[in-house]
>>> print(open('upload.txt').read())   # compact mmCIF, C-alpha atoms
# COMPACT_ATOMS: atom_id res chain seq x y z
CA MET L 1 -4.02 8.33 -16.87
CA PHE L 2 -2.47 8.52 -20.34
CA SER L 3 -0.93 5.48 -22.00
CA GLY L 4 2.71 5.62 -23.08
CA LYS L 5 1.80 6.44 -26.70
CA GLN L 6 -0.68 9.15 -25.70
CA ARG L 7 1.86 10.68 -23.33
CA TYR L 8 4.45 10.74 -26.12
CA TRP L 9 2.16 12.63 -28.51
CA TRP L 10 1.18 15.07 -25.78
CA PHE L 11 4.87 15.82 -25.20
CA GLN L 12 5.36 16.29 -28.95
CA PHE L 13 2.40 18.66 -29.12
CA ILE L 14 3.50 20.68 -26.08
CA GLY L 15 7.17 20.82 -27.11
CA TRP L 16 6.83 21.82 -30.74
CA GLY L 17 3.74 23.90 -29.99
CA GLY L 18 5.76 25.76 -27.38
CA LEU L 19 8.48 26.51 -29.95
CA PHE L 20 5.80 27.78 -32.33
CA LEU L 21 4.48 30.15 -29.66
CA ILE L 22 8.00 31.40 -28.92
CA HIS L 23 8.57 32.18 -32.61
CA LEU L 24 5.16 33.83 -32.71
CA PHE L 25 6.04 36.07 -29.76
CA PHE L 26 9.36 37.23 -31.22
CA ALA L 27 7.81 37.81 -34.64
CA TRP L 28 5.20 40.04 -33.03
CA PHE L 29 7.78 41.73 -30.78
CA TYR L 30 10.04 42.65 -33.73
CA GLY L 31 7.12 43.88 -35.88
CA LYS L 32 7.03 41.15 -38.52
CA PHE L 33 3.22 41.20 -38.75
CA ASP L 34 2.90 44.60 -40.44
CA THR L 35 1.39 43.35 -43.68
CA PRO L 36 -0.83 40.40 -44.63
CA GLU L 37 2.08 39.04 -46.69
CA ASP L 38 4.33 39.11 -43.60
CA ARG L 39 1.75 37.27 -41.54
CA SER L 40 1.13 34.66 -44.24
CA LEU L 41 4.86 34.08 -44.66
CA PHE L 42 5.42 33.68 -40.94
CA PHE L 43 2.59 31.19 -40.37
CA THR L 44 3.51 29.14 -43.45
CA ARG L 45 7.16 28.92 -42.36
CA ALA L 46 6.29 28.26 -38.74
CA LEU L 47 3.86 25.51 -39.73
CA SER L 48 6.46 23.85 -41.95
CA PHE L 49 8.96 24.07 -39.09
CA VAL L 50 6.59 22.29 -36.69
CA VAL L 51 5.57 19.63 -39.23
CA ILE L 52 9.20 18.86 -40.15
CA GLY L 53 10.19 18.75 -36.49
CA VAL L 54 7.37 16.40 -35.49
CA LEU L 55 7.81 14.03 -38.44
CA LEU L 56 11.61 13.78 -38.29
CA THR L 57 11.79 13.36 -34.49
CA HIS L 58 9.07 10.69 -34.71
CA ILE L 59 11.08 8.81 -37.33
CA MET L 60 14.17 9.24 -35.14
CA ARG L 61 12.26 7.77 -32.19
CA MET L 62 11.35 4.75 -34.33
CA PHE L 63 15.05 4.16 -34.96
CA ILE L 64 15.82 4.54 -31.25
CA LEU L 65 13.26 1.87 -30.38
CA ARG L 66 14.08 -0.47 -33.28
CA LEU L 67 17.83 -0.37 -32.56
CA HIS L 68 17.28 -0.60 -28.76
CA LEU L 69 19.62 2.35 -28.21
CA LEU L 70 18.37 2.90 -24.64
CA GLU L 71 19.65 -0.55 -23.62
CA HIS L 72 23.32 0.13 -24.39
CA ASN L 73 25.90 1.42 -21.90
CA TRP L 74 26.20 5.15 -21.26
CA GLY L 75 29.22 5.73 -23.51
CA LEU L 76 27.71 3.97 -26.50
CA GLN L 77 24.35 5.64 -25.89
CA LEU L 78 25.93 9.09 -25.93
CA LEU L 79 27.77 8.37 -29.19
CA ASN L 80 24.67 6.89 -30.85
CA PHE L 81 22.44 9.79 -29.84
CA LEU L 82 25.03 12.34 -30.95
CA LEU L 83 25.29 10.73 -34.41
CA LEU L 84 21.52 10.38 -34.65
CA SER L 85 21.07 14.04 -33.72
CA ILE L 86 23.52 15.14 -36.41
CA ILE L 87 21.86 12.99 -39.09
CA THR L 88 18.34 14.09 -38.13
CA ALA L 89 19.31 17.77 -37.92
CA SER L 90 20.95 17.55 -41.37
CA LEU L 91 17.81 16.02 -42.86
CA CYS L 92 15.61 18.67 -41.18
CA GLY L 93 17.79 21.46 -42.58
CA ILE L 94 17.83 20.02 -46.11
CA ILE L 95 14.06 19.39 -46.14
CA GLU L 96 13.32 22.85 -44.77
CA GLN L 97 15.50 24.48 -47.46
CA GLN L 98 13.74 22.51 -50.18
CA VAL L 99 10.31 23.47 -48.83
CA TYR L 100 11.29 27.15 -48.72
CA LYS L 101 12.64 26.95 -52.27
CA GLN L 102 9.64 25.02 -53.61
CA PHE L 103 7.04 27.36 -52.13
CA ALA L 104 9.08 30.59 -52.39
CA LEU L 105 9.20 31.17 -48.65
CA PHE L 106 12.57 32.98 -48.61
CA THR L 107 12.54 36.66 -47.70
CA GLN L 108 14.32 39.19 -49.91
CA ARG L 109 17.08 39.54 -47.32
CA GLU L 110 17.58 35.74 -47.21
CA ILE L 111 17.79 35.60 -51.01
CA GLU L 112 20.57 38.19 -50.93
CA VAL L 113 22.42 36.21 -48.23
CA LEU L 114 22.08 33.04 -50.34
CA LYS L 115 23.61 34.80 -53.34
CA ARG L 116 26.44 36.31 -51.29
CA ARG L 117 27.40 33.34 -49.11
CA GLY L 118 26.16 30.38 -51.12
CA ILE L 119 23.45 27.88 -50.35
CA TRP L 120 25.76 25.36 -48.67
CA LEU L 121 27.00 27.84 -46.06
CA VAL L 122 23.44 28.92 -45.30
CA SER L 123 22.35 25.29 -45.14
CA LEU L 124 25.14 24.52 -42.67
CA ASN L 125 24.00 27.37 -40.42
CA ASN L 126 20.43 26.09 -40.68
CA MET L 127 21.54 22.55 -39.75
CA ILE L 128 23.32 23.87 -36.66
CA SER L 129 20.10 25.51 -35.51
CA TRP L 130 18.20 22.28 -36.08
CA PHE L 131 20.91 20.30 -34.25
CA ILE L 132 20.28 22.36 -31.10
CA TYR L 133 16.56 21.55 -31.23
CA ILE L 134 17.12 17.84 -31.96
CA PHE L 135 19.82 17.50 -29.30
CA ILE L 136 17.51 19.04 -26.68
CA TRP L 137 14.70 16.71 -27.84
CA ASN L 138 16.98 13.68 -27.42
CA ALA L 139 18.20 14.87 -24.02
CA ILE L 140 14.62 15.24 -22.76
CA TYR L 141 13.69 11.85 -24.26
CA ILE L 142 16.60 10.08 -22.52
CA ILE L 143 16.04 11.81 -19.18
CA TYR L 144 12.33 10.98 -19.28
CA HIS L 145 12.96 7.30 -19.97
CA TYR L 146 15.60 7.00 -17.26
CA ALA L 147 13.37 8.79 -14.75
CA ARG L 148 10.43 6.56 -15.69
CA ASP L 149 12.53 3.38 -15.48
CA TYR L 150 14.00 4.46 -12.14
CA GLN L 151 10.54 5.22 -10.76
CA GLN L 152 9.22 1.86 -12.00
CA GLN L 153 12.23 0.10 -10.49
CA GLU L 154 11.55 1.79 -7.15
CA ILE L 155 7.88 0.77 -7.32
CA ASP L 156 8.83 -2.83 -8.20
CA THR L 157 11.36 -2.91 -5.36
CA LEU L 158 8.80 -1.65 -2.85
CA ARG L 159 6.25 -4.17 -4.08
CA LEU L 160 8.82 -6.95 -3.84
CA LYS L 161 9.78 -5.92 -0.32
CA SER L 162 6.14 -5.79 0.70
CA LEU L 163 5.51 -9.21 -0.81
CA VAL L 164 8.60 -10.68 0.86
CA ARG L 165 7.57 -9.28 4.24
CA GLU L 166 4.02 -10.56 3.85
CA LEU L 167 5.11 -14.04 2.80
CA GLU L 168 7.79 -14.13 5.47
CA LEU L 169 5.43 -13.18 8.27
CA LYS L 170 2.83 -15.67 7.09
CA THR L 171 5.48 -18.38 6.99
CA ILE L 172 6.74 -17.47 10.45
CA LYS L 173 3.26 -17.79 11.92
CA SER L 174 2.51 -21.06 10.15
CA ASN L 175 5.80 -22.63 11.28
CA ILE L 176 5.93 -21.47 14.89
CA ASN L 177 2.43 -21.08 16.28
CA PRO L 178 1.09 -24.66 15.89
CA HIS L 179 3.96 -26.22 17.89
CA PHE L 180 3.79 -23.65 20.64
CA ILE L 181 -0.01 -23.73 20.89
CA PHE L 182 0.04 -27.53 21.15
CA ASN L 183 2.52 -27.44 24.06
CA ALA L 184 0.75 -24.52 25.74
CA LEU L 185 -2.67 -26.21 25.61
CA ASN L 186 -1.23 -29.39 27.08
CA SER L 187 0.30 -27.38 29.92
CA ILE L 188 -2.97 -25.55 30.59
CA ARG L 189 -4.94 -28.80 30.57
CA ALA L 190 -2.62 -30.16 33.29
CA LEU L 191 -3.23 -27.02 35.37
CA VAL L 192 -7.02 -27.08 35.21
CA ASP L 193 -7.40 -29.52 38.09
CA GLU L 194 -4.15 -28.82 39.94
CA ASN L 195 -4.17 -25.02 39.94
CA PRO L 196 -7.30 -23.45 38.38
CA GLY L 197 -6.12 -19.92 39.15
CA ARG L 198 -2.84 -20.45 37.33
CA ALA L 199 -4.74 -22.10 34.46
CA ARG L 200 -6.81 -18.94 34.01
CA GLU L 201 -3.63 -16.84 33.99
CA ALA L 202 -2.09 -19.19 31.43
CA ILE L 203 -5.14 -18.84 29.17
CA THR L 204 -4.80 -15.04 29.38
CA GLU L 205 -1.09 -15.29 28.51
CA LEU L 206 -1.84 -17.53 25.54
CA SER L 207 -4.56 -15.13 24.41
CA ASN L 208 -2.10 -12.21 24.52
CA ILE L 209 0.39 -14.14 22.40
CA LEU L 210 -2.21 -15.13 19.84
CA ARG L 211 -3.54 -11.57 19.60
CA SER L 212 -0.03 -10.28 19.00
CA SER L 213 0.61 -12.96 16.37
CA ILE L 214 -2.56 -12.03 14.50
CA THR L 215 -1.93 -8.27 14.48
CA MET L 216 1.84 -8.20 13.99
CA HIS L 217 1.62 -8.32 10.16
CA LYS L 218 0.02 -4.86 10.20
CA THR L 219 3.18 -3.11 11.36
CA GLU L 220 6.87 -3.17 10.48
CA SER L 221 8.05 -2.45 14.01
CA VAL L 222 6.95 -2.53 17.65
CA ALA L 223 8.28 -0.96 20.81
CA LEU L 224 10.75 -3.17 22.67
CA LYS L 225 8.57 -3.07 25.78
CA SER L 226 5.64 -4.50 23.80
CA GLU L 227 7.80 -7.32 22.47
CA LEU L 228 9.06 -8.03 25.99
CA ALA L 229 5.50 -8.23 27.30
CA ILE L 230 4.73 -11.01 24.82
CA ILE L 231 8.01 -12.76 25.64
CA GLU L 232 7.15 -12.68 29.34
CA ASP L 233 3.80 -14.34 28.59
CA TYR L 234 5.54 -16.89 26.39
CA LEU L 235 8.17 -17.76 29.01
CA ALA L 236 5.53 -17.90 31.74
CA LEU L 237 3.73 -20.59 29.73
CA GLU L 238 6.98 -22.43 29.10
CA GLN L 239 7.76 -22.37 32.83
CA VAL L 240 4.48 -24.19 33.38
CA ARG L 241 5.79 -26.92 31.08
CA PHE L 242 9.38 -27.04 32.35
CA GLU L 243 8.60 -26.09 35.97
CA ASP L 244 11.88 -25.81 37.93
CA ARG L 245 13.96 -26.78 34.91
CA LEU L 246 13.67 -23.28 33.43
CA ALA L 247 15.12 -20.13 35.02
CA VAL L 248 14.58 -16.75 33.37
CA SER L 249 16.40 -13.46 33.90
CA TYR L 250 16.25 -10.02 32.27
CA GLN L 251 18.84 -7.24 31.91
CA ILE L 252 16.99 -4.46 30.09
CA ASP L 253 18.26 -0.91 29.68
CA SER L 254 15.30 1.34 30.52
CA GLN L 255 16.32 3.77 27.74
CA ALA L 256 15.83 1.01 25.17
CA LEU L 257 12.24 0.18 26.11
CA GLU L 258 10.67 2.70 23.72
CA LYS L 259 12.93 1.83 20.79
CA GLN L 260 11.35 0.18 17.75
CA ILE L 261 12.34 -3.33 16.67
CA PRO L 262 10.90 -5.76 14.08
CA PRO L 263 7.96 -7.69 15.58
CA MET L 264 8.62 -11.24 16.85
CA MET L 265 12.35 -11.05 16.15
CA LEU L 266 13.42 -11.16 19.80
CA GLN L 267 10.58 -13.61 20.47
CA MET L 268 12.05 -15.91 17.83
CA LEU L 269 15.46 -15.88 19.52
CA VAL L 270 13.85 -16.81 22.82
CA GLU L 271 11.82 -19.59 21.21
CA ASN L 272 14.97 -20.90 19.52
CA ALA L 273 16.73 -20.91 22.90
CA ILE L 274 13.92 -22.98 24.44
CA LYS L 275 13.50 -25.37 21.52
CA HIS L 276 17.17 -26.10 20.79
CA GLY L 277 18.63 -25.40 24.21
CA ILE L 278 16.56 -25.91 27.34
CA SER L 279 14.32 -28.69 25.98
CA ARG L 280 17.40 -30.84 25.24
CA GLU L 281 18.98 -30.46 28.67
CA LEU L 282 17.90 -33.13 31.16
CA GLN L 283 18.52 -30.79 34.07
CA GLY L 284 17.01 -27.83 32.25
CA GLY L 285 18.80 -24.52 32.29
CA SER L 286 18.44 -20.77 32.12
CA VAL L 287 17.50 -18.15 29.57
CA SER L 288 18.85 -14.63 29.89
CA ILE L 289 17.43 -11.73 27.85
CA ALA L 290 19.36 -8.47 27.58
CA ALA L 291 18.79 -5.22 25.69
CA ARG L 292 20.89 -2.08 25.72
CA LEU L 293 21.80 0.96 23.64
CA LYS L 294 25.34 1.10 22.30
CA ASN L 295 26.73 3.63 19.79
CA ASN L 296 23.31 4.48 18.31
CA LEU L 297 22.52 0.78 18.04
CA ILE L 298 20.08 -1.45 19.88
CA GLU L 299 21.81 -4.61 21.05
CA LEU L 300 19.52 -7.56 21.77
CA CYS L 301 21.10 -10.61 23.37
CA VAL L 302 19.63 -13.98 24.34
CA ARG L 303 21.76 -16.51 26.20
CA ASN L 304 20.69 -20.02 27.04
CA THR L 305 22.07 -23.22 28.44
CA GLY L 306 22.96 -25.62 25.64
CA LYS L 307 25.27 -26.39 22.75
CA LEU L 308 25.20 -25.39 19.10
CA THR L 309 24.29 -28.16 16.69
CA GLY L 310 23.61 -28.35 12.98
CA GLU L 311 19.95 -27.58 13.68
CA ASN L 312 20.38 -24.32 15.51
CA ASP L 313 23.58 -22.73 14.23
CA SER L 314 22.64 -21.09 10.92
CA THR L 315 20.34 -23.39 8.99
CA GLY L 316 17.14 -23.27 11.03
CA PHE L 317 14.12 -21.55 9.53
CA GLY L 318 13.77 -19.07 12.38
CA LEU L 319 17.40 -17.95 12.34
CA ASN L 320 17.49 -17.68 8.54
CA SER L 321 14.31 -15.63 8.73
CA ILE L 322 15.91 -13.24 11.22
CA ARG L 323 18.95 -12.86 9.00
CA ASP L 324 16.86 -12.20 5.88
CA ARG L 325 14.56 -9.71 7.64
CA LEU L 326 17.53 -7.72 8.93
CA LYS L 327 19.05 -7.54 5.44
CA LEU L 328 15.72 -6.41 4.05
CA LEU L 329 14.88 -3.83 6.73
CA TYR L 330 18.38 -2.53 7.54
CA PRO L 331 20.69 -3.28 4.58
CA GLY L 332 24.30 -2.95 5.71
CA LYS L 333 23.26 -1.43 9.06
CA SER L 334 22.54 -4.50 11.20
CA ASP L 335 24.30 -7.59 12.47
CA PHE L 336 23.21 -11.02 13.65
CA GLU L 337 25.42 -13.63 15.28
CA ILE L 338 24.86 -16.89 17.15
CA ARG L 339 27.82 -18.56 18.82
CA GLN L 340 28.94 -20.92 21.55
CA LEU L 341 29.87 -18.46 24.28
CA ASN L 342 31.38 -21.14 26.53
CA ALA L 343 31.07 -24.86 27.07
CA GLU L 344 27.56 -24.57 28.53
CA THR L 345 26.10 -21.39 27.02
CA VAL L 346 24.91 -20.32 23.58
CA GLU L 347 24.56 -16.63 22.76
CA ALA L 348 22.43 -15.06 20.02
CA ARG L 349 23.01 -11.35 19.45
CA ILE L 350 21.31 -8.82 17.18
CA GLU L 351 22.41 -5.24 16.50
CA LEU L 352 20.16 -2.84 14.60
CA PRO L 353 19.83 0.95 14.28
CA ALA L 354 18.27 2.67 17.29
>>> encode(input="upload.txt", output="structure tokens")
Amino acid sequence: MFSGKQRYWWFQFIGWGGLFLIHLFFAWFYGKFDTPEDRSLFFTRALSFVVIGVLLTHIMRMFILRLHLLEHNWGLQLLNFLLLSIITASLCGIIEQQVYKQFALFTQREIEVLKRRGIWLVSLNNMISWFIYIFIWNAIYIIYHYARDYQQQEIDTLRLKSLVRELELKTIKSNINPHFIFNALNSIRALVDENPGRAREAITELSNILRSSITMHKTESVALKSELAIIEDYLALEQVRFEDRLAVSYQIDSQALEKQIPPMMLQMLVENAIKHGISRELQGGSVSIAARLKNNLIELCVRNTGKLTGENDSTGFGLNSIRDRLKLLYPGKSDFEIRQLNAETVEARIELPA
């Protein structure tokens, strides 16, 4: 890969070299290589044209960088580049005329035109030609820098999103898993003597949850049915702990089962319902999980017995994480709400693109 400075000089070489080749083609096409004098005159003039163009545009670039012209607003940038193009084109025209005069590079026809029209009129025409070249040079320079900056901004944004997702998922695992594993292991230990068969099932359920937690960072989305399978294992373990104090129900639209959702998002709602709802009710309660398709959206809804408090309304880590992930993954296309549905029930609802 070329560095920025190397890339700049390659563009200079290709651009001005291309103009040289174009002049060469037209000189050959119109028969201006008939004599050695014609060929010598052409190459001398063409070489001076390229050298003047390269030197003056390089000096112009130094002014652009020193004055930070690319950092101004569009209107001021356009005015600055227009003035800079006029000044540079004028200098190119004046220098070229002096070179031609100094080294006697004018053709006989051009000498006659100079006598008839005057040097200033000819110089003005020459400056206009140079202005076209310089203006095109500036246009390419601006477009290149804006395209490069836009591409770099896109790369930085993608890297930032990737970093945020990675840190977020790591934080989710470090904040949720230890508490749940501790409770699950205690429940399994109590089952070992009382119900060995159920203890083995509970170990399998815990293994499924841990496997999902370990692998979830490798993907941005999972099928709803896969997320529900983990939730079923999670709630089965929680029912061991709560016994008859926890009732679970599902209302799942079969058409939504294959739809993709962010991993552990629905799981987090269910865990929030258990932690801040059921565990605080002496008589226990129920958790209802619903999913359906509505107007090209997937609606996920978790209802639980309980009341909203300052710990589970909008300030908890899990709920803030859900909100941030939705903004990151579906900017302006998703919705998250948690509310007190009635005196005894809290509802958490997520809508995201199907």
>>> residues_around(input="upload.txt", residues="stretch 50-54 of chain L", least_positions_apart="3", cutoff="10 Å", atoms="all atoms listed in the file", output="list in words")
Trp9, Gln12, Phe13, Gly15, Trp16, Gly17, Gly18, Leu19, Phe20, Arg45, Ala46, Leu47, Thr57, His58, Ile59, Met60, Thr88, Ala89, Leu91, Cys92, Gly93, Ile95, Glu96, Val99, Trp130, Tyr133, Ile134 and Trp137 of chain L
>>> atom_distance(input="upload.txt", atom1="atom CA of L:Ser85", atom2="atom CA of L:Tyr150")
24.6 Å
>>> atom_distance(input="upload.txt", atom1="atom CA of L:Ser286", atom2="atom CA of L:Leu326")
26.6 Å
>>> residues_around(input="upload.txt", residues="stretch 250-264 of chain L", least_positions_apart="3", cutoff="8 Å", atoms="only C-alpha atoms", output="MDAnalysis selection string")
chainID L and resid 216 219:225 227 267:268 288:293 298 354
>>> atom_distance(input="upload.txt", atom1="atom CA of L:Arg349", atom2="atom CA of L:Glu299")
7.0 Å
>>> closest_atom_pairs(input="upload.txt", of="stretch 225-270 of chain L", to="stretch 200-209 of chain L", cutoff="8 Å", atoms="all atoms listed in the file", output="tab-separated table")
residue	atom	partner	partner_atom	distance
L:Ile230	CA	L:Ile209	CA	5.9
L:Asp233	CA	L:Glu205	CA	5.0
L:Tyr234	CA	L:Ile209	CA	7.1
L:Ala236	CA	L:Ala202	CA	7.7
L:Leu237	CA	L:Ala202	CA	6.2
>>> closest_residue(input="upload.txt", among="L:Gln97, L:Ser212, L:Asn138, L:Asn296", to="L:Leu84", atoms="all atoms listed in the file")
L:Asn138
>>> closest_residue(input="upload.txt", among="L:Ile128, L:Leu235, L:Ile111, L:Leu300", to="L:Glu351", atoms="all atoms listed in the file")
L:Leu300
>>> residues_around(input="upload.txt", residues="L:Gly277", least_positions_apart="3", cutoff="10 Å", atoms="only C-alpha atoms", output="mmCIF file with C-alpha atoms, in the frame of the given file")
data_model
loop_
_atom_site.group_PDB
_atom_site.id
_atom_site.type_symbol
_atom_site.label_atom_id
_atom_site.label_comp_id
_atom_site.auth_asym_id
_atom_site.auth_seq_id
_atom_site.Cartn_x
_atom_site.Cartn_y
_atom_site.Cartn_z
ATOM 1 C CA VAL L 270 13.850 -16.810 22.820
ATOM 2 C CA GLU L 271 11.820 -19.590 21.210
ATOM 3 C CA ASN L 272 14.970 -20.900 19.520
ATOM 4 C CA ALA L 273 16.730 -20.910 22.900
ATOM 5 C CA ILE L 274 13.920 -22.980 24.440
ATOM 6 C CA ARG L 280 17.400 -30.840 25.240
ATOM 7 C CA GLU L 281 18.980 -30.460 28.670
ATOM 8 C CA GLY L 284 17.010 -27.830 32.250
ATOM 9 C CA GLY L 285 18.800 -24.520 32.290
ATOM 10 C CA SER L 286 18.440 -20.770 32.120
ATOM 11 C CA VAL L 287 17.500 -18.150 29.570
ATOM 12 C CA ARG L 303 21.760 -16.510 26.200
ATOM 13 C CA ASN L 304 20.690 -20.020 27.040
ATOM 14 C CA THR L 305 22.070 -23.220 28.440
ATOM 15 C CA GLY L 306 22.960 -25.620 25.640
ATOM 16 C CA LYS L 307 25.270 -26.390 22.750
ATOM 17 C CA LEU L 308 25.200 -25.390 19.100
ATOM 18 C CA THR L 309 24.290 -28.160 16.690
ATOM 19 C CA ASN L 312 20.380 -24.320 15.510
ATOM 20 C CA GLU L 344 27.560 -24.570 28.530
ATOM 21 C CA THR L 345 26.100 -21.390 27.020
ATOM 22 C CA VAL L 346 24.910 -20.320 23.580
#
>>> closest_residue(input="upload.txt", among="L:Val240, L:Leu266, L:Ile231, L:Ala147", to="L:Arg189", atoms="all atoms listed in the file")
L:Val240
>>> closest_residue(input="upload.txt", among="L:His23, L:His72, L:Lys161, L:Lys32", to="L:Phe49", atoms="only C-alpha atoms")
L:His23
